[in-house]
>>> print(open('structure.cif').read())   # mmCIF, C-alpha atoms and all ligand atoms; chains and numbers go by the auth columns
data_upload
#
loop_
_atom_site.group_PDB
_atom_site.id
_atom_site.type_symbol
_atom_site.label_atom_id
_atom_site.label_comp_id
_atom_site.label_asym_id
_atom_site.label_seq_id
_atom_site.Cartn_x
_atom_site.Cartn_y
_atom_site.Cartn_z
_atom_site.B_iso_or_equiv
_atom_site.auth_seq_id
_atom_site.auth_asym_id
ATOM 1 C CA MET A 1 94.532 70.370 95.984 0.00 6 A
ATOM 2 C CA ALA A 2 91.926 71.390 98.548 0.00 7 A
ATOM 3 C CA GLU A 3 92.495 70.835 102.265 0.00 8 A
ATOM 4 C CA LYS A 4 90.127 70.709 105.229 0.00 9 A
ATOM 5 C CA LEU A 5 91.434 73.383 107.576 0.00 10 A
ATOM 6 C CA ALA A 6 88.796 73.771 110.289 0.00 11 A
ATOM 7 C CA SER A 7 85.261 73.105 111.369 0.00 12 A
ATOM 8 C CA GLU A 8 82.846 75.726 110.110 0.00 13 A
ATOM 9 C CA SER A 9 81.788 76.471 113.711 0.00 14 A
ATOM 10 C CA GLU A 10 85.357 77.445 114.682 0.00 15 A
ATOM 11 C CA ILE A 11 85.399 80.446 112.344 0.00 16 A
ATOM 12 C CA LYS A 12 83.784 83.517 113.855 0.00 17 A
ATOM 13 C CA GLU A 13 83.116 87.116 112.853 0.00 18 A
ATOM 14 C CA GLY A 14 85.775 89.482 114.181 0.00 19 A
ATOM 15 C CA GLU A 15 88.317 86.724 114.886 0.00 20 A
ATOM 16 C CA VAL A 16 91.202 85.281 112.890 0.00 21 A
ATOM 17 C CA PHE A 17 91.843 81.543 113.034 0.00 22 A
ATOM 18 C CA THR A 18 95.196 80.359 111.684 0.00 23 A
ATOM 19 C CA CYS A 19 96.404 76.927 110.668 0.00 24 A
ATOM 20 C CA ASN A 20 99.521 75.359 109.257 0.00 25 A
ATOM 21 C CA THR A 21 99.176 74.023 105.732 0.00 26 A
ATOM 22 C CA ARG A 22 101.562 72.602 103.173 0.00 27 A
ATOM 23 C CA ILE A 23 101.969 76.110 101.685 0.00 28 A
ATOM 24 C CA GLY A 24 102.498 77.873 105.030 0.00 29 A
ATOM 25 C CA ARG A 25 100.237 79.525 107.519 0.00 30 A
ATOM 26 C CA VAL A 26 96.742 80.377 106.288 0.00 31 A
ATOM 27 C CA ALA A 27 94.240 82.601 108.080 0.00 32 A
ATOM 28 C CA LEU A 28 90.470 82.194 108.149 0.00 33 A
ATOM 29 C CA THR A 29 87.804 84.628 109.241 0.00 34 A
ATOM 30 C CA ARG A 30 84.099 85.196 108.713 0.00 35 A
ATOM 31 C CA LEU A 31 82.855 88.348 107.015 0.00 36 A
ATOM 32 C CA ASN A 32 79.106 88.961 106.920 0.00 37 A
ATOM 33 C CA GLY A 33 78.593 85.225 107.346 0.00 38 A
ATOM 34 C CA LYS A 34 80.982 84.192 104.585 0.00 39 A
ATOM 35 C CA ILE A 35 84.278 82.460 105.420 0.00 40 A
ATOM 36 C CA CYS A 36 87.394 83.949 103.807 0.00 41 A
ATOM 37 C CA ALA A 37 90.848 82.347 103.611 0.00 42 A
ATOM 38 C CA PHE A 38 93.991 84.381 103.083 0.00 43 A
ATOM 39 C CA GLU A 39 97.763 84.246 103.394 0.00 44 A
ATOM 40 C CA ASN A 40 98.815 85.045 106.965 0.00 45 A
ATOM 41 C CA THR A 41 102.061 86.738 105.934 0.00 46 A
ATOM 42 C CA CYS A 42 102.369 90.460 105.309 0.00 47 A
ATOM 43 C CA THR A 43 103.934 91.336 101.969 0.00 48 A
ATOM 44 C CA HIS A 44 105.794 94.291 103.473 0.00 49 A
ATOM 45 C CA ASP A 45 108.276 92.499 105.721 0.00 50 A
ATOM 46 C CA GLY A 46 106.901 89.014 106.270 0.00 51 A
ATOM 47 C CA GLY A 47 105.184 89.609 109.607 0.00 52 A
ATOM 48 C CA PRO A 48 102.227 87.450 110.623 0.00 53 A
ATOM 49 C CA LEU A 49 98.881 89.168 110.091 0.00 54 A
ATOM 50 C CA ASN A 50 96.968 87.349 112.830 0.00 55 A
ATOM 51 C CA GLY A 51 96.820 89.489 115.916 0.00 56 A
ATOM 52 C CA GLY A 52 96.190 92.517 113.727 0.00 57 A
ATOM 53 C CA LYS A 53 93.080 94.635 114.183 0.00 58 A
ATOM 54 C CA LEU A 54 90.093 93.879 111.957 0.00 59 A
ATOM 55 C CA GLU A 55 88.288 96.875 110.467 0.00 60 A
ATOM 56 C CA GLY A 56 85.377 95.962 108.228 0.00 61 A
ATOM 57 C CA SER A 57 86.745 93.724 105.491 0.00 62 A
ATOM 58 C CA GLU A 58 90.353 94.736 106.206 0.00 63 A
ATOM 59 C CA ILE A 59 93.078 93.449 108.506 0.00 64 A
ATOM 60 C CA VAL A 60 95.778 95.782 109.807 0.00 65 A
ATOM 61 C CA CYS A 61 99.288 94.325 110.037 0.00 66 A
ATOM 62 C CA PRO A 62 100.364 94.566 113.688 0.00 67 A
ATOM 63 C CA ARG A 63 103.966 95.396 112.760 0.00 68 A
ATOM 64 C CA HIS A 64 103.862 98.579 110.647 0.00 69 A
ATOM 65 C CA GLY A 65 100.189 99.137 109.919 0.00 70 A
ATOM 66 C CA ALA A 66 99.760 97.989 106.325 0.00 71 A
ATOM 67 C CA ARG A 67 96.183 97.017 105.500 0.00 72 A
ATOM 68 C CA PHE A 68 94.809 94.239 103.351 0.00 73 A
ATOM 69 C CA ASN A 69 91.342 93.417 102.108 0.00 74 A
ATOM 70 C CA MET A 70 90.669 89.879 103.407 0.00 75 A
ATOM 71 C CA GLU A 71 88.290 89.038 100.545 0.00 76 A
ATOM 72 C CA THR A 72 90.414 90.235 97.629 0.00 77 A
ATOM 73 C CA GLY A 73 93.916 90.302 99.147 0.00 78 A
ATOM 74 C CA GLU A 74 94.461 93.851 97.930 0.00 79 A
ATOM 75 C CA ALA A 75 97.009 95.934 99.846 0.00 80 A
ATOM 76 C CA THR A 76 95.125 99.116 100.701 0.00 81 A
ATOM 77 C CA ARG A 77 97.677 101.001 102.792 0.00 82 A
ATOM 78 C CA MET A 78 101.416 101.475 102.787 0.00 83 A
ATOM 79 C CA PRO A 79 103.975 100.285 103.587 0.00 84 A
ATOM 80 C CA ALA A 80 102.718 97.156 101.778 0.00 85 A
ATOM 81 C CA THR A 81 102.252 97.514 98.043 0.00 86 A
ATOM 82 C CA GLU A 82 101.735 93.884 97.007 0.00 87 A
ATOM 83 C CA SER A 83 98.566 91.909 97.607 0.00 88 A
ATOM 84 C CA ILE A 84 98.379 88.833 99.807 0.00 89 A
ATOM 85 C CA GLU A 85 97.034 85.580 98.373 0.00 90 A
ATOM 86 C CA VAL A 86 93.396 84.681 98.955 0.00 91 A
ATOM 87 C CA TYR A 87 91.987 81.185 98.498 0.00 92 A
ATOM 88 C CA PRO A 88 88.579 79.826 97.466 0.00 93 A
ATOM 89 C CA VAL A 89 86.575 78.308 100.330 0.00 94 A
ATOM 90 C CA GLN A 90 83.882 75.651 100.241 0.00 95 A
ATOM 91 C CA ILE A 91 81.940 74.126 103.106 0.00 96 A
ATOM 92 C CA GLU A 92 81.662 70.335 102.979 0.00 97 A
ATOM 93 C CA ASP A 93 79.853 68.477 105.775 0.00 98 A
ATOM 94 C CA GLY A 94 80.520 71.322 108.203 0.00 99 A
ATOM 95 C CA GLN A 95 84.234 71.475 107.341 0.00 100 A
ATOM 96 C CA VAL A 96 86.039 74.448 105.815 0.00 101 A
ATOM 97 C CA VAL A 97 87.746 73.214 102.640 0.00 102 A
ATOM 98 C CA VAL A 98 90.255 75.593 101.074 0.00 103 A
ATOM 99 C CA ASP A 99 91.742 75.327 97.598 0.00 104 A
ATOM 100 C CA LEU A 100 95.379 76.209 98.287 0.00 105 A
ATOM 101 C CA ASP A 101 96.416 75.916 94.630 0.00 106 A
ATOM 102 C CA ALA A 102 93.978 78.460 93.220 0.00 107 A
HETATM 103 S S1 LIG B . 105.472 93.613 108.215 0.00 1 B
HETATM 104 FE FE1 LIG B . 103.404 94.197 107.885 0.00 1 B
HETATM 105 S S2 LIG B . 103.472 96.353 107.652 0.00 1 B
HETATM 106 FE FE2 LIG B . 105.545 95.746 107.901 0.00 1 B
#
>>> encode(input="structure.cif", output="structure tokens", more="lines below")
Ligand code: FES
Amino acid sequence: MAEKLASESEIKEGEVFTCNTRIGRVALTRLNGKICAFENTCTHDGGPLNGGKLEGSEIVCPRHGARFNMETGEATRMPATESIEVYPVQIEDGQVVVDLDA
């Protein structure tokens, strides 16, 4: 089931917006104009990813430096080896609607 998580205007390039959802904390950011939604929990040791540095399409976990692609979820640097979840995003009437079951 899709959920409205934010207003489109709240999501900015170079920033991570997080929100509580029924499946846990989800992060939103804007990459080259497109809004991406991804799991906010690092697969290495469960640390939150928000607060981590953004480098291009990747976020760096602030705890031990693992990196994840925010569009695909792929873990691109150790110590994480498993991907994070990413979720499809649609914009409806200026609201960011995320399919948390995809
Ligand atoms: S918790 Fe993210 S790299 Fe360890």
>>> closest_residue(input="structure.cif", among="A:Val21, A:Ala85, A:Val91, A:Ile96", to="Gly56 of chain A", atoms="all atoms listed in the file")
A:Val21
>>> residues_near_ligand(input="structure.cif", ligand="ligand LIG 1 (chain B)", cutoff="6 Å", atoms="only C-alpha atoms and all ligand atoms", output="PyMOL selection string")
chain A and resi 47+49-52+66+68-71+84-85
>>> residues_around(input="structure.cif", residues="segment 30-36 of chain A", least_positions_apart="4", cutoff="9 Å", atoms="all atoms listed in the file", output="PDB file with C-alpha atoms, keeping the file's coordinate frame")
ATOM      1  CA  LEU A  10      91.434  73.383 107.576  1.00  0.00           C
ATOM      2  CA  ALA A  11      88.796  73.771 110.289  1.00  0.00           C
ATOM      3  CA  ILE A  16      85.399  80.446 112.344  1.00  0.00           C
ATOM      4  CA  LYS A  17      83.784  83.517 113.855  1.00  0.00           C
ATOM      5  CA  GLU A  18      83.116  87.116 112.853  1.00  0.00           C
ATOM      6  CA  GLY A  19      85.775  89.482 114.181  1.00  0.00           C
ATOM      7  CA  GLU A  20      88.317  86.724 114.886  1.00  0.00           C
ATOM      8  CA  VAL A  21      91.202  85.281 112.890  1.00  0.00           C
ATOM      9  CA  PHE A  22      91.843  81.543 113.034  1.00  0.00           C
ATOM     10  CA  THR A  23      95.196  80.359 111.684  1.00  0.00           C
ATOM     11  CA  CYS A  24      96.404  76.927 110.668  1.00  0.00           C
ATOM     12  CA  ASN A  25      99.521  75.359 109.257  1.00  0.00           C
ATOM     13  CA  THR A  26      99.176  74.023 105.732  1.00  0.00           C
ATOM     14  CA  ILE A  40      84.278  82.460 105.420  1.00  0.00           C
ATOM     15  CA  CYS A  41      87.394  83.949 103.807  1.00  0.00           C
ATOM     16  CA  ALA A  42      90.848  82.347 103.611  1.00  0.00           C
ATOM     17  CA  PHE A  43      93.991  84.381 103.083  1.00  0.00           C
ATOM     18  CA  GLU A  44      97.763  84.246 103.394  1.00  0.00           C
ATOM     19  CA  ASN A  45      98.815  85.045 106.965  1.00  0.00           C
ATOM     20  CA  THR A  46     102.061  86.738 105.934  1.00  0.00           C
ATOM     21  CA  PRO A  53     102.227  87.450 110.623  1.00  0.00           C
ATOM     22  CA  LEU A  54      98.881  89.168 110.091  1.00  0.00           C
ATOM     23  CA  ASN A  55      96.968  87.349 112.830  1.00  0.00           C
ATOM     24  CA  GLY A  61      85.377  95.962 108.228  1.00  0.00           C
ATOM     25  CA  SER A  62      86.745  93.724 105.491  1.00  0.00           C
ATOM     26  CA  MET A  75      90.669  89.879 103.407  1.00  0.00           C
ATOM     27  CA  GLU A  76      88.290  89.038 100.545  1.00  0.00           C
TER      28      GLU A  76
END
>>> closest_residue(input="structure.cif", among="A:Lys58, A:Gly78, A:Ile28, A:Ser88", to="Ala7 of chain A", atoms="all atoms listed in the file")
A:Ile28
>>> atom_distance(input="structure.cif", atom1="atom CA of Arg27 of chain A", atom2="atom CA of Met6 of chain A")
10.3 Å
>>> atom_distance(input="structure.cif", atom1="atom CA of Gly99 of chain A", atom2="atom CA of Phe73 of chain A")
27.4 Å
>>> closest_residue(input="structure.cif", among="A:Val94, A:Met83, A:Ala107, A:Val102", to="Lys39 of chain A", atoms="all atoms listed in the file")
A:Val94
>>> closest_residue(input="structure.cif", among="A:Glu63, A:Glu87, A:Asp98, A:Glu79", to="Glu13 of chain A", atoms="only C-alpha atoms")
A:Asp98
>>> atom_distance(input="structure.cif", atom1="atom CA of Lys9 of chain A", atom2="atom CA of Pro93 of chain A")
12.1 Å
>>> closest_residue(input="structure.cif", among="A:Thr81, A:Leu105, A:Glu15, A:Gly38", to="Ile64 of chain A", atoms="all atoms listed in the file")
A:Thr81
>>> closest_residue(input="structure.cif", among="A:Pro67, A:Asn37, A:Gly29, A:Ser12", to="Glu90 of chain A", atoms="all atoms listed in the file")
A:Gly29
